[in-house]
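**Student:** Here you go, data38.cif (mmCIF, C-alpha atoms and all ligand atoms):
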```cif
data_structure
#
loop_
_atom_site.label_atom_id
_atom_site.label_comp_id
_atom_site.auth_asym_id
_atom_site.auth_seq_id
_atom_site.Cartn_x
_atom_site.Cartn_y
_atom_site.Cartn_z
CA VAL L 1 131.57 39.64 122.34
CA LYS L 2 132.61 37.36 125.19
CA LEU L 3 133.17 39.03 128.51
CA THR L 4 136.60 37.70 129.47
CA PRO L 5 138.27 38.84 132.72
CA ARG L 6 140.66 40.86 130.63
CA LEU L 7 137.89 42.64 128.74
CA THR L 8 135.99 43.26 131.97
CA ALA L 9 139.08 44.88 133.47
CA GLN L 10 139.52 47.04 130.40
CA LEU L 11 135.87 48.17 130.44
CA ALA L 12 136.17 49.00 134.11
CA ARG L 13 139.29 51.06 133.47
CA GLU L 14 137.59 52.98 130.65
CA TRP L 15 134.54 53.60 132.80
CA LEU L 16 136.68 54.96 135.60
CA ALA L 17 138.75 57.12 133.25
CA ARG L 18 135.56 58.58 131.81
CA LYS L 19 134.14 59.22 135.24
CA TRP L 20 137.38 60.78 136.42
CA ARG L 21 137.67 63.01 133.35
CA ARG L 22 134.14 64.32 133.86
CA ARG L 23 134.88 65.03 137.52
CA THR L 24 138.16 66.80 136.96
CA VAL L 25 138.35 68.31 133.47
CA PRO L 26 136.17 71.32 132.59
CA HIS L 27 133.57 70.51 129.97
CA GLY L 28 130.36 71.85 128.59
CA VAL L 29 127.52 71.11 126.27
CA ILE L 30 125.95 72.93 123.35
CA LEU L 31 122.26 72.19 123.08
CA MET L 32 120.56 72.07 119.71
CA TYR L 33 116.91 72.96 119.34
CA HIS L 34 114.85 73.60 116.21
CA ARG L 35 111.21 74.42 116.92
CA VAL L 36 109.32 75.30 120.08
CA ALA L 37 105.93 74.04 119.03
CA ARG L 38 103.52 71.12 119.19
CA PRO L 39 102.79 70.04 115.62
CA SER L 40 100.70 66.92 114.98
CA ALA L 41 103.58 65.24 113.11
CA ASP L 42 107.26 65.57 113.95
CA PRO L 43 109.17 62.88 112.00
CA TRP L 44 112.63 64.04 113.13
CA LYS L 45 111.59 64.71 116.74
CA ILE L 46 112.91 68.24 116.58
CA CYS L 47 109.98 70.03 118.24
CA VAL L 48 109.86 70.81 121.94
CA SER L 49 106.59 71.98 123.49
CA PRO L 50 106.55 75.53 124.90
CA ALA L 51 105.95 74.18 128.44
CA ASN L 52 108.83 71.69 128.24
CA PHE L 53 111.12 74.29 126.73
CA ALA L 54 110.45 76.67 129.62
CA GLY L 55 111.23 73.79 132.01
CA HIS L 56 114.49 73.05 130.20
CA MET L 57 115.66 76.65 130.49
CA GLN L 58 114.76 76.82 134.16
CA GLU L 59 116.68 73.59 134.87
CA LEU L 60 119.62 74.66 132.74
CA ARG L 61 119.90 77.98 134.53
CA GLU L 62 120.32 76.11 137.82
CA MET L 63 122.60 73.33 136.61
CA ALA L 64 124.96 75.17 134.31
CA GLU L 65 126.74 78.36 133.60
CA VAL L 66 125.08 79.45 130.36
CA ALA L 67 127.12 81.31 127.78
CA PRO L 68 126.85 82.36 124.14
CA VAL L 69 128.13 79.55 121.92
CA GLN L 70 131.28 81.43 120.87
CA ASP L 71 132.31 81.83 124.52
CA VAL L 72 132.08 78.17 125.54
CA LEU L 73 135.68 77.25 124.72
CA GLN L 74 137.05 80.45 126.23
CA SER L 75 135.03 79.78 129.32
CA LEU L 76 136.33 76.20 129.61
CA ARG L 77 139.93 77.31 129.13
CA SER L 78 139.71 79.96 131.80
CA GLY L 79 139.98 77.32 134.49
CA ARG L 80 138.00 74.99 136.70
CA ARG L 81 134.42 75.97 137.34
CA ALA L 82 131.80 74.87 139.81
CA LYS L 83 129.26 74.13 137.09
CA PRO L 84 129.49 72.84 133.53
CA VAL L 85 129.24 75.42 130.75
CA ALA L 86 126.21 75.26 128.45
CA ALA L 87 125.10 77.07 125.32
CA VAL L 88 121.71 77.04 123.60
CA THR L 89 121.32 77.03 119.82
CA PHE L 90 118.42 76.81 117.37
CA ASP L 91 118.70 75.75 113.73
CA ASP L 92 116.61 76.97 110.78
CA ALA L 93 115.19 80.21 112.28
CA TYR L 94 111.57 79.15 112.63
CA LEU L 95 109.07 81.87 113.48
CA ASP L 96 108.29 80.15 116.79
CA ASN L 97 111.84 80.97 117.95
CA LEU L 98 110.62 84.58 118.14
CA THR L 99 107.09 83.99 119.41
CA ASP L 100 107.65 81.09 121.81
CA ALA L 101 111.35 80.73 122.60
CA LYS L 102 112.53 84.32 122.97
CA PRO L 103 110.20 85.29 125.87
CA VAL L 104 111.37 82.20 127.80
CA LEU L 105 115.06 82.88 127.09
CA GLU L 106 114.58 86.43 128.35
CA ARG L 107 112.68 85.30 131.43
CA TYR L 108 115.53 82.99 132.47
CA GLY L 109 118.33 85.15 131.10
CA VAL L 110 119.65 82.38 128.85
CA PRO L 111 121.65 83.65 125.86
CA ALA L 112 120.95 81.76 122.65
CA THR L 113 122.01 81.60 119.01
CA VAL L 114 119.66 81.09 116.06
CA PHE L 115 121.21 79.80 112.83
CA VAL L 116 119.52 81.30 109.77
CA PRO L 117 119.36 79.89 106.22
CA THR L 118 119.71 83.41 104.81
CA GLY L 119 118.22 82.67 101.39
CA TRP L 120 114.93 81.64 103.01
CA VAL L 121 114.47 84.80 105.06
CA GLY L 122 111.14 86.39 104.18
CA SER L 123 109.89 83.37 102.25
CA THR L 124 106.17 82.80 102.80
CA ARG L 125 106.52 79.15 101.81
CA PRO L 126 107.01 76.57 104.52
CA ILE L 127 110.45 74.88 104.52
CA TRP L 128 110.29 72.01 102.03
CA TRP L 129 110.59 69.24 104.64
CA ASP L 130 107.70 70.71 106.64
CA HIS L 131 105.64 70.93 103.49
CA LEU L 132 106.44 67.27 102.87
CA THR L 133 105.58 66.33 106.46
CA HIS L 134 102.22 68.02 106.06
CA ALA L 135 101.55 66.42 102.68
CA VAL L 136 102.49 62.85 103.66
CA LEU L 137 102.13 62.49 107.43
CA GLU L 138 99.31 64.91 108.24
CA ALA L 139 97.10 64.34 105.19
CA PRO L 140 93.68 62.95 106.16
CA LYS L 141 93.75 60.77 103.04
CA LEU L 142 96.37 59.66 100.53
CA PRO L 143 95.85 57.92 97.18
CA ARG L 144 96.36 54.11 97.14
CA MET L 145 98.28 54.46 93.90
CA LEU L 146 100.78 56.92 92.56
CA ASN L 147 103.37 57.12 89.85
CA LEU L 148 105.47 60.26 89.78
CA ASP L 149 108.63 61.04 87.86
CA VAL L 150 109.34 64.74 87.91
CA ALA L 151 112.47 66.94 88.20
CA GLY L 152 114.59 64.15 89.68
CA LEU L 153 111.95 62.78 92.05
CA ARG L 154 110.85 59.24 91.22
CA ILE L 155 108.27 57.71 93.43
CA ALA L 156 105.65 55.05 92.78
CA TRP L 157 103.30 52.85 94.75
CA ARG L 158 100.14 50.86 94.20
CA ASP L 159 97.70 49.28 96.59
CA LEU L 160 99.61 50.70 99.50
CA ASP L 161 97.70 51.03 102.77
CA LEU L 162 98.37 54.60 103.86
CA ASP L 163 95.44 54.87 106.25
CA ALA L 164 96.44 57.29 109.03
CA GLY L 165 94.08 55.39 111.36
CA THR L 166 96.02 52.10 111.33
CA ARG L 167 99.46 51.28 112.68
CA GLY L 168 100.53 49.71 109.37
CA GLY L 169 99.28 52.73 107.47
CA ARG L 170 101.16 55.14 109.71
CA ARG L 171 104.34 53.11 109.37
CA ALA L 172 104.00 53.05 105.60
CA ARG L 173 103.56 56.82 105.64
CA GLN L 174 106.76 57.19 107.68
CA ARG L 175 108.70 55.05 105.21
CA LEU L 176 107.28 57.02 102.31
CA TYR L 177 108.18 60.29 103.98
CA ARG L 178 111.81 59.21 104.53
CA GLU L 179 112.10 57.97 100.97
CA ILE L 180 110.83 61.21 99.41
CA TRP L 181 112.84 63.28 101.92
CA SER L 182 116.09 61.52 100.94
CA GLN L 183 115.40 62.11 97.27
CA LEU L 184 114.42 65.77 97.65
CA ARG L 185 117.34 66.56 99.95
CA VAL L 186 119.96 66.05 97.25
CA LEU L 187 118.12 67.91 94.45
CA ASN L 188 119.07 71.47 93.57
CA ASP L 189 116.67 74.17 94.76
CA VAL L 190 114.85 74.65 91.45
CA ASP L 191 114.27 70.94 90.87
CA ARG L 192 113.27 70.36 94.47
CA GLU L 193 110.64 73.07 94.32
CA ALA L 194 109.28 71.78 91.00
CA ALA L 195 109.16 68.20 92.29
CA LEU L 196 107.53 69.21 95.57
CA ASP L 197 104.92 71.37 93.82
CA ARG L 198 103.93 68.48 91.57
CA LEU L 199 103.80 66.09 94.52
CA LEU L 200 101.60 68.44 96.54
CA GLU L 201 99.34 68.76 93.53
CA VAL L 202 98.88 65.02 92.94
CA LEU L 203 98.41 64.37 96.65
CA GLY L 204 95.83 67.16 96.79
CA THR L 205 97.58 68.79 99.76
CA ASP L 206 95.76 71.60 101.55
CA ASP L 207 98.56 73.77 102.98
CA THR L 208 96.48 76.75 104.07
CA THR L 209 96.97 75.81 107.72
CA MET L 210 100.75 75.99 107.43
CA ARG L 211 101.19 79.73 107.32
CA ASP L 212 103.14 80.07 110.56
CA VAL L 213 105.49 77.18 109.90
CA ARG L 214 108.18 79.15 108.16
CA VAL L 215 111.49 80.95 108.48
CA MET L 216 111.39 84.45 109.99
CA SER L 217 111.34 87.61 107.87
CA ALA L 218 114.05 90.27 108.11
CA ASP L 219 111.84 92.33 110.46
CA GLU L 220 111.13 89.30 112.62
CA LEU L 221 114.86 88.54 112.83
CA ARG L 222 115.47 92.09 113.98
CA ALA L 223 112.78 91.69 116.60
CA LEU L 224 114.41 88.41 117.63
CA THR L 225 117.83 89.93 118.26
CA ASP L 226 116.37 93.07 119.81
CA GLY L 227 117.32 93.16 123.49
CA GLY L 228 120.52 91.18 122.97
CA VAL L 229 119.59 87.85 124.56
CA VAL L 230 119.33 86.15 121.17
CA GLN L 231 122.02 86.46 118.49
CA ILE L 232 121.98 85.03 114.99
CA GLY L 233 124.47 83.13 112.85
CA SER L 234 124.52 81.70 109.35
CA HIS L 235 123.10 78.33 108.33
CA SER L 236 124.10 78.69 104.61
CA VAL L 237 121.87 80.22 101.93
CA THR L 238 119.47 77.39 101.07
CA HIS L 239 120.40 74.61 103.50
CA PRO L 240 122.13 72.08 101.19
CA SER L 241 124.23 69.15 102.33
CA LEU L 242 127.56 70.89 101.70
CA PRO L 243 129.72 67.79 101.02
CA ASN L 244 127.34 66.92 98.14
CA LEU L 245 128.11 70.16 96.31
CA PRO L 246 130.92 71.00 93.89
CA SER L 247 133.54 73.38 95.33
CA GLU L 248 132.16 76.59 93.80
CA ALA L 249 128.63 75.91 94.98
CA LYS L 250 129.94 75.08 98.43
CA ALA L 251 131.90 78.35 98.55
CA TRP L 252 128.87 80.28 97.29
CA GLN L 253 126.60 78.85 100.02
CA ILE L 254 129.07 79.93 102.69
CA GLU L 255 130.20 83.30 101.31
CA GLN L 256 126.86 84.46 99.84
CA SER L 257 125.21 83.66 103.15
CA ALA L 258 127.72 85.95 104.88
CA LYS L 259 126.86 88.72 102.38
CA GLN L 260 123.12 88.32 102.90
CA PHE L 261 123.68 88.25 106.65
CA CYS L 262 125.61 91.50 106.32
CA GLU L 263 122.75 93.12 104.37
CA LEU L 264 120.41 92.01 107.10
CA THR L 265 122.39 93.13 110.13
CA GLY L 266 125.14 95.46 108.89
CA GLN L 267 127.76 93.04 110.19
CA ARG L 268 129.61 90.01 108.87
CA PRO L 269 128.52 86.84 110.68
CA SER L 270 130.95 85.07 112.97
CA LEU L 271 128.86 81.95 113.70
CA PHE L 272 127.98 79.13 111.32
CA ALA L 273 126.10 75.83 111.56
CA TYR L 274 126.49 73.16 108.87
CA PRO L 275 123.10 72.22 107.32
CA TYR L 276 122.10 68.69 108.44
CA GLY L 277 125.41 68.73 110.30
CA ASP L 278 127.02 67.48 107.07
CA LEU L 279 130.58 68.65 106.68
CA ASP L 280 133.87 67.79 105.00
CA GLN L 281 137.33 69.34 105.28
CA GLU L 282 136.70 71.66 102.34
CA SER L 283 133.52 73.08 103.93
CA VAL L 284 135.35 73.64 107.20
CA ASP L 285 138.21 75.42 105.38
CA LEU L 286 135.77 77.60 103.42
CA VAL L 287 133.90 78.54 106.59
CA ARG L 288 137.16 79.57 108.23
CA ALA L 289 138.29 81.49 105.11
CA SER L 290 134.99 83.41 105.02
CA GLY L 291 135.76 84.96 108.39
CA TYR L 292 133.54 82.89 110.63
CA THR L 293 135.13 82.13 113.99
CA THR L 294 132.84 79.43 115.39
CA ALA L 295 130.96 76.63 113.62
CA CYS L 296 128.65 73.94 114.96
CA SER L 297 128.20 70.37 113.75
CA ILE L 298 125.59 67.92 115.04
CA ARG L 299 128.07 65.28 116.19
CA GLU L 300 126.92 64.34 119.65
CA ASP L 301 129.53 64.87 122.34
CA LEU L 302 130.46 67.01 125.28
CA VAL L 303 132.64 70.04 124.55
CA TRP L 304 136.14 69.71 125.98
CA GLU L 305 138.60 72.56 126.11
CA ASP L 306 140.65 71.18 123.23
CA ALA L 307 137.62 71.02 120.88
CA ASP L 308 137.96 72.41 117.34
CA PRO L 309 135.96 75.69 117.23
CA PHE L 310 134.99 74.92 113.60
CA THR L 311 133.36 71.56 114.28
CA LEU L 312 131.82 71.99 117.71
CA PRO L 313 129.69 69.04 118.82
CA ARG L 314 126.10 69.52 119.93
CA LEU L 315 123.43 67.58 121.78
CA ALA L 316 120.02 67.37 120.08
CA VAL L 317 117.31 68.03 122.64
CA GLY L 318 114.01 66.17 122.40
CA ASP L 319 110.59 66.99 123.80
CA TRP L 320 111.65 65.87 127.28
CA THR L 321 109.80 66.81 130.45
CA PRO L 322 111.82 69.10 132.73
CA ALA L 323 112.56 66.13 135.04
CA GLU L 324 113.77 64.05 132.12
CA PHE L 325 115.88 66.97 130.93
CA ARG L 326 117.54 67.18 134.35
CA ILE L 327 118.28 63.46 134.48
CA ARG L 328 119.68 63.39 130.97
CA MET L 329 121.87 66.43 131.59
CA ARG L 330 123.22 65.01 134.84
CA HIS L 331 123.93 61.70 133.18
CA TYR L 332 125.48 63.45 130.21
CA TRP L 333 127.73 65.64 132.29
CA PHE L 334 128.69 63.51 135.22
CA ALA L 335 127.97 59.85 134.46
ZN ZN L 401 119.05 73.10 109.60
#
```
Step by step, read the file and then write its structure as structure tokens.
**Tutor:**
Amino acid sequence: VKLTPRLTAQLAREWLARKWRRRTVPHGVILMYHRVARPSADPWKICVSPANFAGHMQELREMAEVAPVQDVLQSLRSGRRAKPVAAVTFDDAYLDNLTDAKPVLERYGVPATVFVPTGWVGSTRPIWWDHLTHAVLEAPKLPRMLNLDVAGLRIAWRDLDLDAGTRGGRRARQRLYREIWSQLRVLNDVDREAALDRLLEVLGTDDTTMRDVRVMSADELRALTDGGVVQIGSHSVTHPSLPNLPSEAKAWQIEQSAKQFCELTGQRPSLFAYPYGDLDQESVDLVRASGYTTACSIREDLVWEDADPFTLPRLAVGDWTPAEFRIRMRHYWFA
């Protein structure tokens, strides 16, 4: 692109309009967390250390008016405010949300929402992608050769350097992880489990150290919401990419999850988060028809008062230091 005077003028106008809008129009942000933990491998960069998380909440408390996610739009529409509105959410209902996030949220009085894949509640198995991370990225040794064709997973390599001690080996492991992840993601639950079991077997994975990397049990979820600072919402039954499913399966994931949620809490859920942030119009319509009132995507944007409550944008938070968190938030809100 050539920077002509005309283009320069246009860019300047857009920059000013953006700046002006952020100064004058109420807006907020919905933060998306997953785990509060320090695992040795984190391929999607979704883990925040307990110390950094505490720093984030302290900073957020000072910079923003924190609200439950369903109140953000209401709050924005109620007029101009001195501070931006912010909400905190967690996806996947990891056990560390109870053990490491909840005490911090209570200490700083920050309300938060945890989105639960209801079909995984009480499962003692790690979530499949964590199992895969452990098997491929954390394994001390991997075979130089493999040929696997099972339950829809086809993966083969020979003479591949997968040495965790070399840069090339680590990169090859990352590529391998992404490849297997993409294949497993679109399998149905039964096939995925069968394929993963076989893979863990041929890789000789020792998963005995993974016991705490899992979704909370029903009792743990009750302990999580006890006290009222943390609320829960639905994240489907088994975390599929909804647009990939036929209509009935899509409807089942959304409605059955509401039923399981109701068994768990005695109430129908009002909050939903689309697994992987994947959504299409049909999923949105089904979510609305099932009685949910607020649904979160993972599209990255600020929340403006005219935002659609069924596709709210969110900002994925990384393992930033508290200072970095402050800078990013300021830039995000006011730049
Ligand atoms: Zn998720």
**Student:** Pick out the closest residue to Met216 of chain L from this set: L:Met63, L:Leu98, L:Cys262, L:Leu11. Count all atoms listed in the file.
**Tutor:** L:Leu98
**Student:** Nearest to Gln74 of chain L: which of L:Arg35, L:His27, L:Arg170, L:Arg125 is it, counting only C-alpha atoms?
**Tutor:**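 Of L:Arg35, L:His27, L:Arg170, L:Arg125, the one nearest Gln74 of chain L is L:His27, counting only C-alpha atoms.
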**Student:** Set the distance at 6 Å and use only C-alpha atoms: which residues neighbour Leu271 of chain L once local chain neighbours fewer than 3 positions away are removed? I'd like the list as an MDAnalysis selection string.
**Tutor:** chainID L and resid 233 292 294:295
**Student:** Can you work out which residues are within 7 Å of ligand ZN 401 (chain L), considering all atoms listed in the file, and then hand them over as an MDAnalysis selection string?
**Tutor:** chainID L and resid 91:92 235 239 275:276
**Student:** Calculated over only C-alpha atoms, which of the candidates L:Arg326, L:Arg6, L:Lys45, L:His131 has the smallest distance to Glu193 of chain L?
**Tutor:** L:His131
**Student:** Of the candidates L:Arg314, L:Arg81, L:Arg328, L:Lys102, which one gets nearest to Asp301 of chain L if we count all atoms listed in the file?
**Tutor:**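 Selected residue with least distance to Asp301 of chain L: L:Arg314.
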**Student:** With distances taken over all atoms listed in the file, which residue among L:Tyr177, L:Trp128, L:Tyr332, L:Trp320 lies nearest Asp207 of chain L?
**Tutor:**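 Residue with the minimum atom-to-atom distance to Asp207 of chain L: L:Trp128.
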**Student:** Select all residues near (139.2, 70.0, 125.2) (cut-off 12 Å, inclusive, file coordinates), counting all atoms listed in the file, and output them as a list of chain:residue names.
**Tutor:**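 The answer, in the requested form, is L:Arg21, L:Arg22, L:Val25, L:Pro26, L:His27, L:Gly28, L:Val29, L:Val72, L:Leu73, L:Gln74, L:Ser75, L:Leu76, L:Arg77, L:Ser78, L:Gly79, L:Asp301, L:Leu302, L:Val303, L:Trp304, L:Glu305, L:Asp306, L:Ala307, L:Asp308, L:Pro309, L:Leu312, L:Pro313.
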**Student:** At what distance in Å, to one decimal, does atom CA of Ala87 of chain L lie from atom CA of Arg185 of chain L?
**Tutor:** 28.5 Å
**Student:** Mind checking which residues fall within 6 Å of segment 138-148 of chain L, counting all atoms listed in the file, ignoring those fewer than 3 positions away in the same chain, and posting them as JSON, numbers by chain?
**Tutor:** {"L": [134, 135, 154, 155, 156, 157, 158, 159, 160]}
**Student:** I'd like the interatomic distance between atom CA of Pro269 of chain L and atom CA of Ala101 of chain L, to a tenth of an Å.
**Tutor:**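 Computing the Euclidean distance for atom CA of Pro269 of chain L and atom CA of Ala101 of chain L yields 21.8 Å.
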**Student:** Dig up all the protein and nucleic acid residues within 12 Å of (98.6, 69.0, 94.6) in the file frame, using only C-alpha atoms, and format them as a tab-separated table (two decimals) with C-alpha atoms, in the coordinates of the input.
**Tutor:**
```
chain	number	residue	atom	x	y	z
L	131	HIS	CA	105.64	70.93	103.49
L	132	LEU	CA	106.44	67.27	102.87
L	135	ALA	CA	101.55	66.42	102.68
L	136	VAL	CA	102.49	62.85	103.66
L	139	ALA	CA	97.10	64.34	105.19
L	142	LEU	CA	96.37	59.66	100.53
L	143	PRO	CA	95.85	57.92	97.18
L	194	ALA	CA	109.28	71.78	91.00
L	195	ALA	CA	109.16	68.20	92.29
L	196	LEU	CA	107.53	69.21	95.57
L	197	ASP	CA	104.92	71.37	93.82
L	198	ARG	CA	103.93	68.48	91.57
L	199	LEU	CA	103.80	66.09	94.52
L	200	LEU	CA	101.60	68.44	96.54
L	201	GLU	CA	99.34	68.76	93.53
L	202	VAL	CA	98.88	65.02	92.94
L	203	LEU	CA	98.41	64.37	96.65
L	204	GLY	CA	95.83	67.16	96.79
L	205	THR	CA	97.58	68.79	99.76
L	206	ASP	CA	95.76	71.60	101.55
L	207	ASP	CA	98.56	73.77	102.98
```
**Student:** Mind giving me the straight-line distance from atom CA of Asp191 of chain L to atom CA of Ala151 of chain L in Å, one decimal?
**Tutor:**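 Interatomic distance, atom CA of Asp191 of chain L to atom CA of Ala151 of chain L: 5.1 Å.
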**Student:** Taking into account only C-alpha atoms, which residue in the set L:Thr209, L:Gln256, L:Thr24, L:Gln231 is nearest to Phe90 of chain L?
**Tutor:**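 The shortest atom-to-atom distance to Phe90 of chain L comes from L:Gln231.
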**Student:** Which residues come within 12 Å of Leu286 of chain L, counting all atoms listed in the file, excluding same-chain residues fewer than 3 positions away, as a PyMOL selection string?
**Tutor:** chain L and resi 236+242-243+247-256+258+272+274+279-283+289-293+295+310
**Student:** Emit the selected residues as a short mmCIF file (atom, residue, chain, number, x, y, z; two decimals), keeping the file's coordinate frame, including C-alpha atoms.
**Tutor:**
```
data_model
loop_
_atom_site.label_atom_id
_atom_site.label_comp_id
_atom_site.auth_asym_id
_atom_site.auth_seq_id
_atom_site.Cartn_x
_atom_site.Cartn_y
_atom_site.Cartn_z
CA SER L 236 124.10 78.69 104.61
CA LEU L 242 127.56 70.89 101.70
CA PRO L 243 129.72 67.79 101.02
CA SER L 247 133.54 73.38 95.33
CA GLU L 248 132.16 76.59 93.80
CA ALA L 249 128.63 75.91 94.98
CA LYS L 250 129.94 75.08 98.43
CA ALA L 251 131.90 78.35 98.55
CA TRP L 252 128.87 80.28 97.29
CA GLN L 253 126.60 78.85 100.02
CA ILE L 254 129.07 79.93 102.69
CA GLU L 255 130.20 83.30 101.31
CA GLN L 256 126.86 84.46 99.84
CA ALA L 258 127.72 85.95 104.88
CA PHE L 272 127.98 79.13 111.32
CA TYR L 274 126.49 73.16 108.87
CA LEU L 279 130.58 68.65 106.68
CA ASP L 280 133.87 67.79 105.00
CA GLN L 281 137.33 69.34 105.28
CA GLU L 282 136.70 71.66 102.34
CA SER L 283 133.52 73.08 103.93
CA ALA L 289 138.29 81.49 105.11
CA SER L 290 134.99 83.41 105.02
CA GLY L 291 135.76 84.96 108.39
CA TYR L 292 133.54 82.89 110.63
CA THR L 293 135.13 82.13 113.99
CA ALA L 295 130.96 76.63 113.62
CA PHE L 310 134.99 74.92 113.60
#
```
**Student:** Using all atoms listed in the file, what does the table of segment 15-83 of chain L residues within 8 Å of segment 105-110 of chain L look like, with each row giving the shortest atom pair and its distance in Å to one decimal, sorted by chain and ascending number, as a Markdown table?
**Tutor:**
```
| residue | atom | partner | partner_atom | distance |
| --- | --- | --- | --- | --- |
| L:Met57 | CA | L:Tyr108 | CA | 6.6 |
| L:Gln58 | CA | L:Tyr108 | CA | 6.4 |
| L:Arg61 | CA | L:Tyr108 | CA | 7.0 |
| L:Val66 | CA | L:Val110 | CA | 6.4 |
| L:Ala67 | CA | L:Val110 | CA | 7.6 |
```
**Student:** Emit segment 14-30 of chain L of the structure in the block as a file comprising N, CA and C atoms, as a PDB file, in the first residue's frame.
**Tutor:**
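Resulting contents of result_11.pdb:
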```pdb
ATOM      1  N   GLU L  14      -9.693   8.429  10.616  1.00  0.00           N
ATOM      2  CA  GLU L  14     -10.152   7.220  11.308  1.00  0.00           C
ATOM      3  C   GLU L  14      -9.570   7.150  12.719  1.00  0.00           C
ATOM      4  N   TRP L  15      -8.304   7.509  12.811  1.00  0.00           N
ATOM      5  CA  TRP L  15      -7.618   7.474  14.110  1.00  0.00           C
ATOM      6  C   TRP L  15      -8.298   8.437  15.085  1.00  0.00           C
ATOM      7  N   LEU L  16      -8.610   9.607  14.593  1.00  0.00           N
ATOM      8  CA  LEU L  16      -9.269  10.605  15.437  1.00  0.00           C
ATOM      9  C   LEU L  16     -10.678  10.173  15.840  1.00  0.00           C
ATOM     10  N   ALA L  17     -11.401   9.595  14.883  1.00  0.00           N
ATOM     11  CA  ALA L  17     -12.767   9.139  15.155  1.00  0.00           C
ATOM     12  C   ALA L  17     -12.762   8.062  16.238  1.00  0.00           C
ATOM     13  N   ARG L  18     -11.778   7.166  16.124  1.00  0.00           N
ATOM     14  CA  ARG L  18     -11.626   6.087  17.085  1.00  0.00           C
ATOM     15  C   ARG L  18     -11.320   6.643  18.472  1.00  0.00           C
ATOM     16  N   LYS L  19     -10.383   7.554  18.491  1.00  0.00           N
ATOM     17  CA  LYS L  19      -9.979   8.204  19.728  1.00  0.00           C
ATOM     18  C   LYS L  19     -11.187   8.922  20.374  1.00  0.00           C
ATOM     19  N   TRP L  20     -11.884   9.652  19.532  1.00  0.00           N
ATOM     20  CA  TRP L  20     -13.024  10.435  20.002  1.00  0.00           C
ATOM     21  C   TRP L  20     -14.126   9.522  20.561  1.00  0.00           C
ATOM     22  N   ARG L  21     -14.379   8.429  19.829  1.00  0.00           N
ATOM     23  CA  ARG L  21     -15.419   7.496  20.259  1.00  0.00           C
ATOM     24  C   ARG L  21     -15.071   6.918  21.637  1.00  0.00           C
ATOM     25  N   ARG L  22     -13.791   6.557  21.812  1.00  0.00           N
ATOM     26  CA  ARG L  22     -13.391   5.975  23.094  1.00  0.00           C
ATOM     27  C   ARG L  22     -13.431   6.982  24.230  1.00  0.00           C
ATOM     28  N   ARG L  23     -13.292   8.272  23.884  1.00  0.00           N
ATOM     29  CA  ARG L  23     -13.358   9.312  24.917  1.00  0.00           C
ATOM     30  C   ARG L  23     -14.789   9.610  25.308  1.00  0.00           C
ATOM     31  N   THR L  24     -15.697   9.483  24.344  1.00  0.00           N
ATOM     32  CA  THR L  24     -17.037  10.032  24.568  1.00  0.00           C
ATOM     33  C   THR L  24     -18.154   8.999  24.674  1.00  0.00           C
ATOM     34  N   VAL L  25     -17.967   7.812  24.103  1.00  0.00           N
ATOM     35  CA  VAL L  25     -19.053   6.828  24.121  1.00  0.00           C
ATOM     36  C   VAL L  25     -18.738   5.751  25.161  1.00  0.00           C
ATOM     37  N   PRO L  26     -19.699   5.429  26.036  1.00  0.00           N
ATOM     38  CA  PRO L  26     -19.438   4.415  27.059  1.00  0.00           C
ATOM     39  C   PRO L  26     -19.089   3.066  26.424  1.00  0.00           C
ATOM     40  N   HIS L  27     -18.102   2.413  26.977  1.00  0.00           N
ATOM     41  CA  HIS L  27     -17.728   1.100  26.452  1.00  0.00           C
ATOM     42  C   HIS L  27     -17.131   0.267  27.567  1.00  0.00           C
ATOM     43  N   GLY L  28     -17.014  -1.001  27.304  1.00  0.00           N
ATOM     44  CA  GLY L  28     -16.481  -1.886  28.326  1.00  0.00           C
ATOM     45  C   GLY L  28     -15.706  -3.017  27.693  1.00  0.00           C
ATOM     46  N   VAL L  29     -15.274  -3.932  28.527  1.00  0.00           N
ATOM     47  CA  VAL L  29     -14.547  -5.072  28.009  1.00  0.00           C
ATOM     48  C   VAL L  29     -14.912  -6.297  28.833  1.00  0.00           C
ATOM     49  N   ILE L  30     -15.033  -7.425  28.151  1.00  0.00           N
ATOM     50  CA  ILE L  30     -15.260  -8.689  28.850  1.00  0.00           C
ATOM     51  C   ILE L  30     -13.986  -9.508  28.715  1.00  0.00           C
TER      52      ILE L  30
END
```
